[in-house]
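Encoded as structure tokens, the structure appears first; notes follow it.
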Amino acid sequence: MTAEQTICLLNVVDGHRLGALYHVALTLGLRLGEILGLQWGDIDWQAQRITIRRQVQETAGRVAVRNATKTDASLRVLPLPPRLLARLGELWETRGDMLFLFPSEEGTLLRPSNFERHWRGGFARSYTKKDGTRGKSVIVGVRQKASLGATVKFHHLRHTVATRLMEQGTPDEIRDAIMGHGKKGIRGHYAHATIKAMREALEKYEQLLWAQGA
């Protein structure tokens with residue numbers, strides 16, 4: 001996504017119930033399943049870090065929360081840059097009594113398919129019209145509201161973060177650690193220097209992101 005598209009998307013979801021989800025996605029580059037699996041206990045407020053330790057998967061209509069990520073490298077600890085930390089702190093004030101950071105409207109686990117409908121748009125629940133016939137309400141997706149093409153997938157937000165980190169000169173090994181690539185994750189016991197380097201990279205990226213006008 002271009003800088004202009006990123007700004008437009010962030011503006012479109014500003015004030016939305018899931019607005020902070022996009023903030024996380026466009027700052028940390030997490031996969032959708034990783035984001036939906038985030039729980040409040042994953043945040044270390046004092047250390048200003050978040051642990052990515054599980055993911056939500058949906059197969060053939062069945063949803064499961066796996067206490068594991070896609071790969072060993074995906075199991076990781078990420079620093080929370082200032083603006084995202086503050087945003088999550090605000091969310092905690094209103095939603096901290098729930099298990100997941102980004103639950104459904106009913107407070108339950110948000111299904112990936114339901115989020116994708118929110119993202120792409122399409123038909124939602126059925127209803128009865130005044131003439132007695134049945135109809136389906138239509139959701140205008142966030143993607144359309146942000147004037148993004150039909151080929152833009154939510155996963156492209158992750159690619160965008162990886163690209164911006166590369167463009168700002170983040171070393172490959174630090175970028176891989178942030179994105180959950182490579183051979184070592186949390187089990188590799190990140191050295192303090194690696195955590196520090198990730199924090200510096202993410203804070204620089206966050207400053208550039210919001211300086212663009214989002």
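Ligands are numbered from 1 in the order shown, residues from 1 within each chain, and chains are lettered A, B, ... in the order they appear in the structure tokens.
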Would you write out, as JSON lines, a table of all residues in range 158-184 of chain A that have an atom no more than 7 Å from an atom of range 195-201 of chain A, listing for each the closest atom pair and the distance in Å to one decimal, considering only C-alpha atoms and ordering rows by chain and rising residue number?
```
{"residue": "A:Thr170", "atom": "CA", "partner": "A:Ala201", "partner_atom": "CA", "distance": 6.3}
{"residue": "A:Ile174", "atom": "CA", "partner": "A:Met198", "partner_atom": "CA", "distance": 6.0}
{"residue": "A:Ile178", "atom": "CA", "partner": "A:Met198", "partner_atom": "CA", "distance": 6.7}
```
Would you mind listing what lies within 12 Å of Leu78 in chain A as a VMD selection string, with only C-alpha atoms counted and same-chain residues fewer than 4 positions away left out?
chain A and resid 24 27 to 30 42 to 44 47 to 53 74 84 to 85 174 to 180 185 to 186 190 192 194 to 203
Run DSSP on the backbone of this structure and report the residues of range 18-110 of chain A it assigns to strand (DSSP E or B), as a PDB file with C-alpha atoms, in the first residue's frame.
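Wrote it out as out_37.pdb, contents follow:
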```pdb
ATOM      1  CA  GLN A  39      -5.363 -11.171  24.950  1.00  0.00           C
ATOM      2  CA  ILE A  43       0.751  -7.010  27.259  1.00  0.00           C
ATOM      3  CA  ASP A  44       3.496  -6.134  29.734  1.00  0.00           C
ATOM      4  CA  ARG A  49       5.992  -5.042  25.236  1.00  0.00           C
ATOM      5  CA  ILE A  50       3.468  -7.467  23.788  1.00  0.00           C
ATOM      6  CA  THR A  51       3.902 -11.212  23.330  1.00  0.00           C
ATOM      7  CA  ILE A  52       2.576 -12.871  20.184  1.00  0.00           C
ATOM      8  CA  GLN A  55      -3.460 -17.365  16.612  1.00  0.00           C
ATOM      9  CA  VAL A  56      -7.096 -17.806  15.671  1.00  0.00           C
ATOM     10  CA  GLN A  57      -7.821 -20.172  12.812  1.00  0.00           C
ATOM     11  CA  GLU A  58     -11.053 -20.948  11.007  1.00  0.00           C
ATOM     12  CA  THR A  59     -11.433 -24.043   8.861  1.00  0.00           C
ATOM     13  CA  ARG A  62     -14.910 -24.202  12.742  1.00  0.00           C
ATOM     14  CA  VAL A  63     -12.900 -21.715  14.785  1.00  0.00           C
ATOM     15  CA  ALA A  64      -9.988 -22.660  17.003  1.00  0.00           C
ATOM     16  CA  VAL A  65      -7.545 -20.698  19.124  1.00  0.00           C
ATOM     17  CA  ARG A  66      -4.117 -22.266  18.827  1.00  0.00           C
ATOM     18  CA  ARG A  76       7.874 -13.459  19.650  1.00  0.00           C
ATOM     19  CA  VAL A  77       7.975 -10.454  21.955  1.00  0.00           C
ATOM     20  CA  LEU A  78       7.589  -7.035  20.350  1.00  0.00           C
ATOM     21  CA  PRO A  79       8.173  -3.577  21.838  1.00  0.00           C
ATOM     22  CA  PHE A 100      -9.471 -10.561  23.852  1.00  0.00           C
TER      23      PHE A 100
END
```
Pairwise distance, CA of Met98 in chain A with CA of Arg117 in chain A, equals 22.7 Å
Of A:Pro82, A:Leu18, A:Leu101, A:Gly122, the one sitting nearest Leu38 in chain A when using only C-alpha atoms is A:Leu101
Taking only C-alpha atoms into account, name the residue in A:Arg134, A:Asp172, A:Arg87, A:Val140 that is nearest to Gly15 in chain A.
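Of all the options, A:Arg87 lies closest to Gly15 in chain A.
By only C-alpha atoms, and with residues fewer than 4 positions from range 93-97 of chain A along its chain excluded, the set lying at most 10 Å from it is Gln39, Trp40, Gly41, Leu88, Gly89, Leu101, Phe102, Pro103 and Gly107 of chain A.
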